[in-house]
file final-v4.txt (compact mmCIF, N, CA, C and O atoms)
# COMPACT_ATOMS: atom_id res chain seq x y z
N MET A 1 -83.35 -71.63 144.14
CA MET A 1 -82.32 -71.31 143.19
C MET A 1 -81.64 -70.00 143.57
O MET A 1 -82.30 -69.06 143.99
N ILE A 2 -80.36 -69.95 143.42
CA ILE A 2 -79.59 -68.76 143.73
C ILE A 2 -79.66 -67.82 142.54
O ILE A 2 -79.42 -68.20 141.40
N GLY A 3 -79.95 -66.52 142.81
CA GLY A 3 -80.14 -65.55 141.74
C GLY A 3 -78.85 -64.94 141.23
O GLY A 3 -78.76 -64.54 140.09
N GLY A 4 -77.83 -64.82 142.04
CA GLY A 4 -76.58 -64.20 141.63
C GLY A 4 -75.58 -64.28 142.76
O GLY A 4 -75.89 -64.77 143.84
N PRO A 5 -74.37 -63.78 142.52
CA PRO A 5 -73.32 -63.88 143.54
C PRO A 5 -73.71 -63.26 144.88
O PRO A 5 -73.32 -63.76 145.93
N GLU A 6 -74.50 -62.20 144.83
CA GLU A 6 -74.89 -61.56 146.08
C GLU A 6 -75.86 -62.40 146.90
O GLU A 6 -76.12 -62.10 148.05
N ASP A 7 -76.39 -63.46 146.30
CA ASP A 7 -77.34 -64.33 147.00
C ASP A 7 -76.70 -65.61 147.52
O ASP A 7 -77.40 -66.46 148.06
N VAL A 8 -75.40 -65.76 147.35
CA VAL A 8 -74.72 -66.98 147.80
C VAL A 8 -74.72 -66.99 149.33
O VAL A 8 -74.30 -66.02 149.96
N PRO A 9 -75.19 -68.07 149.94
CA PRO A 9 -75.21 -68.13 151.40
C PRO A 9 -73.78 -68.20 151.95
O PRO A 9 -72.90 -68.85 151.38
N VAL A 10 -73.56 -67.51 153.06
CA VAL A 10 -72.25 -67.52 153.71
C VAL A 10 -72.19 -68.76 154.60
O VAL A 10 -72.87 -68.84 155.61
N THR A 11 -71.39 -69.71 154.18
CA THR A 11 -71.22 -70.96 154.92
C THR A 11 -69.75 -71.12 155.27
O THR A 11 -68.88 -70.41 154.74
N GLN A 12 -69.46 -72.07 156.14
CA GLN A 12 -68.06 -72.34 156.48
C GLN A 12 -67.28 -72.79 155.25
O GLN A 12 -66.12 -72.42 155.08
N ASP A 13 -67.92 -73.56 154.38
CA ASP A 13 -67.26 -73.98 153.14
C ASP A 13 -66.87 -72.79 152.28
O ASP A 13 -65.79 -72.75 151.71
N LEU A 14 -67.76 -71.81 152.17
CA LEU A 14 -67.46 -70.61 151.40
C LEU A 14 -66.29 -69.85 152.02
O LEU A 14 -65.35 -69.45 151.33
N LEU A 15 -66.33 -69.65 153.34
CA LEU A 15 -65.25 -68.94 154.02
C LEU A 15 -63.91 -69.66 153.85
O LEU A 15 -62.89 -69.03 153.58
N ASP A 16 -63.92 -70.98 153.96
CA ASP A 16 -62.70 -71.76 153.77
C ASP A 16 -62.18 -71.63 152.34
O ASP A 16 -60.97 -71.49 152.12
N ALA A 17 -63.09 -71.64 151.36
CA ALA A 17 -62.69 -71.50 149.96
C ALA A 17 -62.06 -70.13 149.72
O ALA A 17 -61.03 -70.01 149.06
N LEU A 18 -62.68 -69.08 150.27
CA LEU A 18 -62.13 -67.74 150.10
C LEU A 18 -60.76 -67.61 150.76
O LEU A 18 -59.85 -66.99 150.20
N ARG A 19 -60.59 -68.21 151.93
CA ARG A 19 -59.27 -68.22 152.58
C ARG A 19 -58.24 -68.92 151.70
O ARG A 19 -57.09 -68.48 151.58
N GLY A 20 -58.64 -70.00 151.06
CA GLY A 20 -57.75 -70.73 150.15
C GLY A 20 -57.36 -69.88 148.95
O GLY A 20 -56.19 -69.87 148.54
N PHE A 21 -58.32 -69.17 148.38
CA PHE A 21 -58.02 -68.28 147.26
C PHE A 21 -57.05 -67.18 147.68
O PHE A 21 -56.11 -66.85 146.96
N ARG A 22 -57.28 -66.60 148.86
CA ARG A 22 -56.36 -65.55 149.36
C ARG A 22 -54.96 -66.11 149.54
O ARG A 22 -53.98 -65.47 149.19
N ALA A 23 -54.88 -67.32 150.11
CA ALA A 23 -53.57 -67.95 150.33
C ALA A 23 -52.85 -68.21 149.00
O ALA A 23 -51.62 -68.22 148.95
N ALA A 24 -53.62 -68.39 147.94
CA ALA A 24 -53.05 -68.64 146.62
C ALA A 24 -52.71 -67.33 145.89
O ALA A 24 -52.24 -67.36 144.76
N GLY A 25 -52.96 -66.19 146.53
CA GLY A 25 -52.59 -64.92 145.95
C GLY A 25 -53.71 -64.12 145.31
O GLY A 25 -53.47 -63.05 144.76
N PHE A 26 -54.92 -64.65 145.36
CA PHE A 26 -56.06 -63.92 144.79
C PHE A 26 -56.48 -62.78 145.72
O PHE A 26 -56.33 -62.87 146.94
N ARG A 27 -57.04 -61.74 145.14
CA ARG A 27 -57.71 -60.69 145.89
C ARG A 27 -59.20 -60.98 145.83
O ARG A 27 -59.71 -61.43 144.81
N ILE A 28 -59.91 -60.70 146.90
CA ILE A 28 -61.33 -61.02 147.00
C ILE A 28 -62.15 -59.74 146.88
O ILE A 28 -61.91 -58.77 147.61
N ALA A 29 -63.12 -59.75 145.96
CA ALA A 29 -64.04 -58.63 145.79
C ALA A 29 -65.46 -59.11 146.06
O ALA A 29 -65.86 -60.17 145.59
N LEU A 30 -66.19 -58.33 146.81
CA LEU A 30 -67.59 -58.63 147.12
C LEU A 30 -68.46 -57.68 146.32
O LEU A 30 -68.33 -56.45 146.45
N ASP A 31 -69.37 -58.22 145.52
CA ASP A 31 -70.21 -57.43 144.63
C ASP A 31 -71.58 -57.19 145.25
O ASP A 31 -72.17 -58.11 145.83
N ASP A 32 -72.08 -55.95 145.13
CA ASP A 32 -73.41 -55.59 145.66
C ASP A 32 -73.54 -56.01 147.12
O ASP A 32 -74.55 -56.57 147.54
N PHE A 33 -72.53 -55.72 147.89
CA PHE A 33 -72.44 -56.19 149.28
C PHE A 33 -73.37 -55.40 150.19
O PHE A 33 -73.47 -54.17 150.10
N VAL A 34 -74.05 -56.12 151.07
CA VAL A 34 -74.87 -55.53 152.12
C VAL A 34 -74.39 -56.15 153.43
O VAL A 34 -74.45 -57.37 153.62
N LEU A 35 -73.91 -55.30 154.33
CA LEU A 35 -73.42 -55.77 155.62
C LEU A 35 -74.58 -56.20 156.50
O LEU A 35 -75.57 -55.49 156.64
N GLY A 36 -74.45 -57.36 157.07
CA GLY A 36 -75.45 -57.89 158.00
C GLY A 36 -74.78 -58.95 158.86
O GLY A 36 -73.61 -59.30 158.64
N ASP A 37 -75.50 -59.47 159.82
CA ASP A 37 -74.94 -60.49 160.70
C ASP A 37 -74.43 -61.68 159.90
O ASP A 37 -73.37 -62.24 160.21
N HIS A 38 -75.15 -62.07 158.85
CA HIS A 38 -74.79 -63.25 158.07
C HIS A 38 -73.65 -62.99 157.08
O HIS A 38 -73.06 -63.92 156.56
N THR A 39 -73.33 -61.72 156.79
CA THR A 39 -72.26 -61.41 155.83
C THR A 39 -71.02 -60.80 156.48
O THR A 39 -70.01 -60.61 155.81
N ARG A 40 -71.08 -60.51 157.76
CA ARG A 40 -69.98 -59.83 158.46
C ARG A 40 -68.66 -60.59 158.32
O ARG A 40 -67.60 -59.98 158.18
N ALA A 41 -68.68 -61.91 158.35
CA ALA A 41 -67.44 -62.71 158.27
C ALA A 41 -66.72 -62.52 156.94
O ALA A 41 -65.51 -62.75 156.84
N LEU A 42 -67.44 -62.10 155.91
CA LEU A 42 -66.82 -61.89 154.60
C LEU A 42 -65.92 -60.67 154.57
O LEU A 42 -64.96 -60.62 153.81
N VAL A 43 -66.22 -59.68 155.41
CA VAL A 43 -65.48 -58.42 155.39
C VAL A 43 -64.00 -58.64 155.67
O VAL A 43 -63.14 -58.06 155.01
N GLU A 44 -63.68 -59.49 156.63
CA GLU A 44 -62.27 -59.72 156.97
C GLU A 44 -61.50 -60.40 155.85
O GLU A 44 -60.27 -60.35 155.82
N LEU A 45 -62.19 -61.01 154.91
CA LEU A 45 -61.53 -61.71 153.80
C LEU A 45 -61.48 -60.87 152.53
O LEU A 45 -60.77 -61.21 151.59
N ALA A 46 -62.22 -59.77 152.50
CA ALA A 46 -62.35 -58.98 151.27
C ALA A 46 -61.25 -57.94 151.14
O ALA A 46 -60.77 -57.38 152.13
N ASP A 47 -60.87 -57.69 149.90
CA ASP A 47 -59.97 -56.60 149.56
C ASP A 47 -60.77 -55.42 149.00
O ASP A 47 -60.40 -54.27 149.19
N ILE A 48 -61.84 -55.74 148.27
CA ILE A 48 -62.67 -54.74 147.61
C ILE A 48 -64.13 -55.06 147.91
O ILE A 48 -64.55 -56.22 147.82
N ILE A 49 -64.88 -54.03 148.28
CA ILE A 49 -66.32 -54.19 148.50
C ILE A 49 -67.03 -53.18 147.62
O ILE A 49 -66.79 -51.98 147.69
N LYS A 50 -67.92 -53.70 146.76
CA LYS A 50 -68.70 -52.83 145.86
C LYS A 50 -70.11 -52.70 146.42
O LYS A 50 -70.79 -53.69 146.67
N LEU A 51 -70.51 -51.46 146.62
CA LEU A 51 -71.84 -51.16 147.12
C LEU A 51 -72.72 -50.67 145.98
O LEU A 51 -72.32 -49.79 145.22
N ASP A 52 -73.91 -51.22 145.86
CA ASP A 52 -74.86 -50.76 144.86
C ASP A 52 -75.59 -49.55 145.44
O ASP A 52 -76.35 -49.67 146.39
N VAL A 53 -75.32 -48.38 144.88
CA VAL A 53 -75.91 -47.15 145.40
C VAL A 53 -76.94 -46.55 144.43
O VAL A 53 -77.49 -45.49 144.69
N LEU A 54 -77.20 -47.24 143.33
CA LEU A 54 -78.06 -46.69 142.29
C LEU A 54 -79.48 -46.39 142.77
O LEU A 54 -80.07 -45.40 142.38
N ASN A 55 -80.03 -47.26 143.58
CA ASN A 55 -81.41 -47.07 144.04
C ASN A 55 -81.49 -46.82 145.54
O ASN A 55 -82.53 -47.01 146.15
N ALA A 56 -80.37 -46.40 146.13
CA ALA A 56 -80.32 -46.17 147.57
C ALA A 56 -80.43 -44.68 147.87
O ALA A 56 -79.98 -43.84 147.09
N SER A 57 -81.01 -44.38 149.01
CA SER A 57 -81.09 -42.99 149.44
C SER A 57 -79.70 -42.52 149.90
O SER A 57 -78.83 -43.33 150.23
N ARG A 58 -79.52 -41.22 149.93
CA ARG A 58 -78.24 -40.67 150.41
C ARG A 58 -77.97 -41.12 151.85
O ARG A 58 -76.85 -41.47 152.19
N ASP A 59 -79.00 -41.14 152.69
CA ASP A 59 -78.83 -41.57 154.08
C ASP A 59 -78.40 -43.03 154.15
O ASP A 59 -77.54 -43.39 154.95
N ASP A 60 -78.98 -43.88 153.30
CA ASP A 60 -78.62 -45.29 153.28
C ASP A 60 -77.17 -45.47 152.83
O ASP A 60 -76.41 -46.24 153.44
N VAL A 61 -76.77 -44.75 151.81
CA VAL A 61 -75.39 -44.84 151.32
C VAL A 61 -74.43 -44.37 152.41
O VAL A 61 -73.40 -45.00 152.67
N THR A 62 -74.75 -43.26 153.06
CA THR A 62 -73.91 -42.74 154.14
C THR A 62 -73.78 -43.74 155.27
O THR A 62 -72.68 -43.97 155.80
N ARG A 63 -74.90 -44.37 155.64
CA ARG A 63 -74.89 -45.36 156.73
C ARG A 63 -74.05 -46.57 156.35
O ARG A 63 -73.22 -47.04 157.14
N ARG A 64 -74.22 -47.08 155.12
CA ARG A 64 -73.46 -48.26 154.69
C ARG A 64 -71.97 -47.95 154.58
O ARG A 64 -71.13 -48.75 154.96
N HIS A 65 -71.65 -46.76 154.07
CA HIS A 65 -70.25 -46.36 153.97
C HIS A 65 -69.62 -46.27 155.36
O HIS A 65 -68.52 -46.77 155.59
N ALA A 66 -70.31 -45.64 156.29
CA ALA A 66 -69.79 -45.49 157.65
C ALA A 66 -69.53 -46.85 158.31
O ALA A 66 -68.55 -47.01 159.04
N ALA A 67 -70.40 -47.82 158.04
CA ALA A 67 -70.24 -49.14 158.64
C ALA A 67 -69.01 -49.87 158.11
O ALA A 67 -68.46 -50.74 158.79
N LEU A 68 -68.56 -49.51 156.91
CA LEU A 68 -67.43 -50.21 156.29
C LEU A 68 -66.17 -49.37 156.18
O LEU A 68 -65.11 -49.88 155.83
N ALA A 69 -66.24 -48.09 156.47
CA ALA A 69 -65.11 -47.17 156.26
C ALA A 69 -63.87 -47.54 157.07
O ALA A 69 -62.75 -47.29 156.64
N ALA A 70 -64.05 -48.13 158.23
CA ALA A 70 -62.92 -48.46 159.08
C ALA A 70 -62.23 -49.77 158.69
O ALA A 70 -61.21 -50.13 159.27
N THR A 71 -62.75 -50.47 157.69
CA THR A 71 -62.15 -51.72 157.27
C THR A 71 -60.93 -51.44 156.39
O THR A 71 -60.71 -50.31 155.96
N LYS A 72 -60.16 -52.47 156.10
CA LYS A 72 -59.00 -52.35 155.22
C LYS A 72 -59.41 -52.41 153.76
O LYS A 72 -58.58 -52.26 152.87
N CYS A 73 -60.67 -52.57 153.49
CA CYS A 73 -61.16 -52.78 152.13
C CYS A 73 -61.24 -51.47 151.34
O CYS A 73 -61.50 -50.41 151.88
N THR A 74 -61.03 -51.61 150.04
CA THR A 74 -61.33 -50.53 149.11
C THR A 74 -62.83 -50.57 148.84
O THR A 74 -63.35 -51.63 148.49
N LEU A 75 -63.50 -49.45 149.02
CA LEU A 75 -64.93 -49.38 148.77
C LEU A 75 -65.17 -48.77 147.40
O LEU A 75 -64.56 -47.76 147.04
N VAL A 76 -66.06 -49.41 146.64
CA VAL A 76 -66.40 -48.96 145.29
C VAL A 76 -67.91 -48.81 145.22
O VAL A 76 -68.65 -49.66 145.71
N ALA A 77 -68.36 -47.72 144.60
CA ALA A 77 -69.81 -47.50 144.44
C ALA A 77 -70.21 -47.78 143.01
O ALA A 77 -69.50 -47.43 142.08
N GLU A 78 -71.33 -48.44 142.87
CA GLU A 78 -71.91 -48.69 141.54
C GLU A 78 -73.01 -47.68 141.31
O GLU A 78 -73.91 -47.55 142.12
call {"tool": "encode", "arguments": {"input": "final-v4.txt", "output": "structure tokens"}}
result
Amino acid sequence: MIGGPEDVPVTQDLLDALRGFRAAGFRIALDDFVLGDHTRALVELADIIKLDVLNASRDDVTRRHAALAATKCTLVAE
């Protein structure tokens, strides 16, 4: 069972659906995003990426921010 949006597997169907939403004028936001090999393809489709920083160390937040800072996305911290 999937626990929440952050647990949705990144599949070709998901990527195609997100491209369709973008083509229809929607902006794409990724909630509680963690960059990894399996989620990297989502970055090019996202307009907003929200990082959960509540239980993260300063070093972890700095590392995650640095990995995404060069993207076109607006970064939001929770």
call {"tool": "closest_residue", "arguments": {"input": "final-v4.txt", "among": "A:Phe21, A:Lys50, A:Asp59, A:Ala41", "to": "Glu78 (chain A)", "atoms": "only C-alpha atoms"}}
result
A:Lys50
call {"tool": "axis_aligned_box", "arguments": {"input": "final-v4.txt", "around": "region 46-54 of chain A", "padding_each_side": "8 Å", "output": "JSON"}}
result
{"center_x": -70.0, "center_y": -52.6, "center_z": 147.4, "size_x": 36.1, "size_y": 30.4, "size_z": 26.2}
call {"tool": "residues_around", "arguments": {"input": "final-v4.txt", "residues": "Leu42 (chain A)", "least_positions_apart": "2", "cutoff": "8 Å", "atoms": "only N, CA, C and O atoms", "output": "mmCIF file with N, CA, C and O atoms, in the frame of the given file"}}
result
data_model
loop_
_atom_site.group_PDB
_atom_site.id
_atom_site.type_symbol
_atom_site.label_atom_id
_atom_site.label_comp_id
_atom_site.auth_asym_id
_atom_site.auth_seq_id
_atom_site.Cartn_x
_atom_site.Cartn_y
_atom_site.Cartn_z
ATOM 1 N N VAL A 10 -73.560 -67.510 153.060
ATOM 2 C CA VAL A 10 -72.250 -67.520 153.710
ATOM 3 C C VAL A 10 -72.190 -68.760 154.600
ATOM 4 O O VAL A 10 -72.870 -68.840 155.610
ATOM 5 N N LEU A 15 -66.330 -69.650 153.340
ATOM 6 C CA LEU A 15 -65.250 -68.940 154.020
ATOM 7 C C LEU A 15 -63.910 -69.660 153.850
ATOM 8 O O LEU A 15 -62.890 -69.030 153.580
ATOM 9 N N ILE A 28 -59.910 -60.700 146.900
ATOM 10 C CA ILE A 28 -61.330 -61.020 147.000
ATOM 11 C C ILE A 28 -62.150 -59.740 146.880
ATOM 12 O O ILE A 28 -61.910 -58.770 147.610
ATOM 13 N N ALA A 29 -63.120 -59.750 145.960
ATOM 14 C CA ALA A 29 -64.040 -58.630 145.790
ATOM 15 C C ALA A 29 -65.460 -59.110 146.060
ATOM 16 O O ALA A 29 -65.860 -60.170 145.590
ATOM 17 N N LEU A 30 -66.190 -58.330 146.810
ATOM 18 C CA LEU A 30 -67.590 -58.630 147.120
ATOM 19 C C LEU A 30 -68.460 -57.680 146.320
ATOM 20 O O LEU A 30 -68.330 -56.450 146.450
ATOM 21 N N GLY A 36 -74.450 -57.360 157.070
ATOM 22 C CA GLY A 36 -75.450 -57.890 158.000
ATOM 23 C C GLY A 36 -74.780 -58.950 158.860
ATOM 24 O O GLY A 36 -73.610 -59.300 158.640
ATOM 25 N N ASP A 37 -75.500 -59.470 159.820
ATOM 26 C CA ASP A 37 -74.940 -60.490 160.700
ATOM 27 C C ASP A 37 -74.430 -61.680 159.900
ATOM 28 O O ASP A 37 -73.370 -62.240 160.210
ATOM 29 N N HIS A 38 -75.150 -62.070 158.850
ATOM 30 C CA HIS A 38 -74.790 -63.250 158.070
ATOM 31 C C HIS A 38 -73.650 -62.990 157.080
ATOM 32 O O HIS A 38 -73.060 -63.920 156.560
ATOM 33 N N THR A 39 -73.330 -61.720 156.790
ATOM 34 C CA THR A 39 -72.260 -61.410 155.830
ATOM 35 C C THR A 39 -71.020 -60.800 156.480
ATOM 36 O O THR A 39 -70.010 -60.610 155.810
ATOM 37 N N ARG A 40 -71.080 -60.510 157.760
ATOM 38 C CA ARG A 40 -69.980 -59.830 158.460
ATOM 39 C C ARG A 40 -68.660 -60.590 158.320
ATOM 40 O O ARG A 40 -67.600 -59.980 158.180
ATOM 41 N N GLU A 44 -63.680 -59.490 156.630
ATOM 42 C CA GLU A 44 -62.270 -59.720 156.970
ATOM 43 C C GLU A 44 -61.500 -60.400 155.850
ATOM 44 O O GLU A 44 -60.270 -60.350 155.820
ATOM 45 N N LEU A 45 -62.190 -61.010 154.910
ATOM 46 C CA LEU A 45 -61.530 -61.710 153.800
ATOM 47 C C LEU A 45 -61.480 -60.870 152.530
ATOM 48 O O LEU A 45 -60.770 -61.210 151.590
ATOM 49 N N ALA A 46 -62.220 -59.770 152.500
ATOM 50 C CA ALA A 46 -62.350 -58.980 151.270
ATOM 51 C C ALA A 46 -61.250 -57.940 151.140
ATOM 52 O O ALA A 46 -60.770 -57.380 152.130
ATOM 53 N N ASP A 47 -60.870 -57.690 149.900
ATOM 54 C CA ASP A 47 -59.970 -56.600 149.560
ATOM 55 C C ASP A 47 -60.770 -55.420 149.000
ATOM 56 O O ASP A 47 -60.400 -54.270 149.190
ATOM 57 N N ILE A 48 -61.840 -55.740 148.270
ATOM 58 C CA ILE A 48 -62.670 -54.740 147.610
ATOM 59 C C ILE A 48 -64.130 -55.060 147.910
ATOM 60 O O ILE A 48 -64.550 -56.220 147.820
#
call {"tool": "atom_distance", "arguments": {"input": "final-v4.txt", "atom1": "atom N of Leu54 (chain A)", "atom2": "atom N of Thr74 (chain A)"}}
result
18.0 Å
call {"tool": "atom_distance", "arguments": {"input": "final-v4.txt", "atom1": "CA of Phe33 (chain A)", "atom2": "CA of Leu51 (chain A)"}}
result
5.5 Å
call {"tool": "closest_residue", "arguments": {"input": "final-v4.txt", "among": "A:Ala24, A:Ala17, A:Val53, A:Val43", "to": "Val76 (chain A)", "atoms": "only C-alpha atoms"}}
result
A:Val53
call {"tool": "closest_residue", "arguments": {"input": "final-v4.txt", "among": "A:Ile49, A:Arg19, A:Pro9, A:Leu14", "to": "Asp31 (chain A)", "atoms": "only N, CA, C and O atoms"}}
result
A:Ile49
call {"tool": "select_by_dssp", "arguments": {"input": "final-v4.txt", "residues": "chain A", "states": "helix (DSSP H, G or I)", "output": "PyMOL selection string"}}
result
chain A and resi 5-7+12-23+40-43+58-68
call {"tool": "select_by_dssp", "arguments": {"input": "final-v4.txt", "residues": "chain A", "states": "strand (DSSP E or B)", "output": "list in words"}}
result
Ala29, Leu30, Ile48, Ile49, Lys50, Leu51, Thr74, Leu75, Val76 and Ala77 of chain A
call {"tool": "atom_distance", "arguments": {"input": "final-v4.txt", "atom1": "atom N of Ser57 (chain A)", "atom2": "atom C of Ala77 (chain A)"}}
result
12.8 Å
call {"tool": "closest_residue", "arguments": {"input": "final-v4.txt", "among": "A:Val8, A:Arg58, A:Ala70, A:Asp52", "to": "Val34 (chain A)", "atoms": "only C-alpha atoms"}}
result
A:Asp52
call {"tool": "decode", "arguments": {"input": "final-v4.txt", "residues": "region 45-56 of chain A", "atoms": "N, CA, C and O atoms", "output": "short mmCIF file (atom, residue, chain, number, x, y, z; two decimals), in the first residue's frame"}}
result
data_model
loop_
_atom_site.label_atom_id
_atom_site.label_comp_id
_atom_site.auth_asym_id
_atom_site.auth_seq_id
_atom_site.Cartn_x
_atom_site.Cartn_y
_atom_site.Cartn_z
N LEU A 45 10.37 18.11 -14.61
CA LEU A 45 8.94 18.39 -14.79
C LEU A 45 8.38 19.30 -13.70
O LEU A 45 7.27 19.81 -13.84
N ALA A 46 9.13 19.51 -12.64
CA ALA A 46 8.62 20.25 -11.48
C ALA A 46 8.83 21.75 -11.62
O ALA A 46 9.82 22.21 -12.19
N ASP A 47 7.88 22.49 -11.07
CA ASP A 47 8.01 23.94 -10.93
C ASP A 47 8.40 24.29 -9.49
O ASP A 47 9.11 25.26 -9.26
N ILE A 48 7.89 23.51 -8.55
CA ILE A 48 8.11 23.74 -7.13
C ILE A 48 8.52 22.42 -6.47
O ILE A 48 7.90 21.39 -6.73
N ILE A 49 9.55 22.48 -5.65
CA ILE A 49 9.98 21.31 -4.90
C ILE A 49 10.00 21.69 -3.42
O ILE A 49 10.67 22.64 -3.02
N LYS A 50 9.23 20.93 -2.62
CA LYS A 50 9.18 21.18 -1.18
C LYS A 50 10.02 20.13 -0.47
O LYS A 50 9.84 18.93 -0.66
N LEU A 51 10.97 20.62 0.31
CA LEU A 51 11.84 19.74 1.08
C LEU A 51 11.41 19.74 2.54
O LEU A 51 11.19 20.79 3.13
N ASP A 52 11.29 18.56 3.12
CA ASP A 52 10.96 18.44 4.53
C ASP A 52 12.27 18.58 5.31
O ASP A 52 13.14 17.73 5.24
N VAL A 53 12.40 19.69 6.03
CA VAL A 53 13.63 19.95 6.77
C VAL A 53 13.43 19.86 8.28
O VAL A 53 14.36 20.11 9.05
N LEU A 54 12.23 19.50 8.71
CA LEU A 54 11.91 19.51 10.13
C LEU A 54 12.78 18.59 10.97
O LEU A 54 13.16 18.92 12.08
N ASN A 55 13.09 17.42 10.45
CA ASN A 55 13.88 16.45 11.22
C ASN A 55 15.24 16.19 10.58
O ASN A 55 15.86 15.17 10.84
N ALA A 56 15.68 17.11 9.73
CA ALA A 56 16.94 16.94 9.02
C ALA A 56 18.03 17.77 9.69
O ALA A 56 17.77 18.84 10.24
#
